[in-house]
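Undergrad: Below: one structure in structure tokens.
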Amino acid sequence: QAQLVESGGGLVQAGGSLRLSCAASGFTFSSYSTSWARQAPGKEREVVASITSDNTTDYLDSVKGRFTISRDNAKNTVYLQMDSLKPEDTAVYYCRLRRGRLDYWGQGTQVTVSS
């Protein structure tokens with residue numbers, strides 16, 4: 001069964017770092033575009049970083065220079081390195097794989113940044 005599982009969330013002080021991981025079963029990440037999205041309470045879900053099958057990356061303006069998306073094909077895992085975290089980065093972070101017109105989502109991992 002195809003599945004995405006996120007990990008690595010937690011509580012961190014402003015200015016700190018976290019690395020999120022998204023492991024896949026039933027998918028091969030290197031064949032598809034993968035994104036990290038987040039949803040804060042009362043807000044819509046927004047994509048913060050994406051990486052395509054040919055390793056082109058894209059970032060939400062508010063995280064450029066602070067977040068880095070990467071992929072380890074051998075481990076079939078996508079990462080989101082988050083540095084210089086701010087309280088406004090607090091949200092549930094989700095991994096999304098796009099295969100054709102279908103999107104597959106993980107269950108999410110909570111990131112909380114204290115001021």
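Labels for the structure tokens follow display order: chains A, B, ..., residues from 1 in each chain, ligands from 1.
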Counting only C-alpha atoms, what is within 12 Å of A:Gly108, bar same-chain residues fewer than 3 positions away, as a list in words?
TA: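 Skipping anything fewer than 3 positions along the chain leaves Leu4, Val5, Glu6, Ser7, Gly8, Gly9, Gly10, Leu20, Ser21, Cys22, Ala23, Trp36, Ala37, Arg38, Gln39, Ala40, Arg45, Ala91, Val92, Tyr93, Tyr94, Cys95, Arg96, Tyr104, Trp105 and Val111 of chain A.
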Undergrad: Can you list, as an NGL selection string, every protein, DNA or RNA residue that comes within 9 Å of A:Ser115 when you count only C-alpha atoms, leaving out same-chain residues fewer than 2 positions away?
TA: :A and (13-15 or 86-87 or 113)
Undergrad: Quick one: residues within 10 Å of A:Ser25, only C-alpha atoms, excluding same-chain residues fewer than 5 positions away - as a count of residues only?
TA: 7
Undergrad: Find the residue from A:Leu11, A:Pro41, A:Gly16, A:Tyr32 that sits nearest to A:Gly100; use only C-alpha atoms when measuring.
TA: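 Counting only C-alpha atoms, the residue closest to A:Gly100 is A:Tyr32.
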Undergrad: Pick from A:Val63, A:Ala49, A:Leu102, A:Leu97: nearest to A:Leu85, with only C-alpha atoms counted?
TA: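 For A:Leu85, the nearest of the given residues is A:Val63.
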Undergrad: Please determine, counting only C-alpha atoms, which residue among A:Arg98, A:Arg19, A:Arg66, A:Lys43 has the shortest atom-to-atom distance to A:Gln81.
TA: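 Smallest separation from A:Gln81 among the options: A:Arg19.
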Undergrad: From the DSSP assignment of the backbone, select every residue of stretch 12-109 of chain A that is helix (DSSP H, G or I), and format the answer as an MDAnalysis selection string.
TA: chainID A and resid 29:31 61:63 87:89
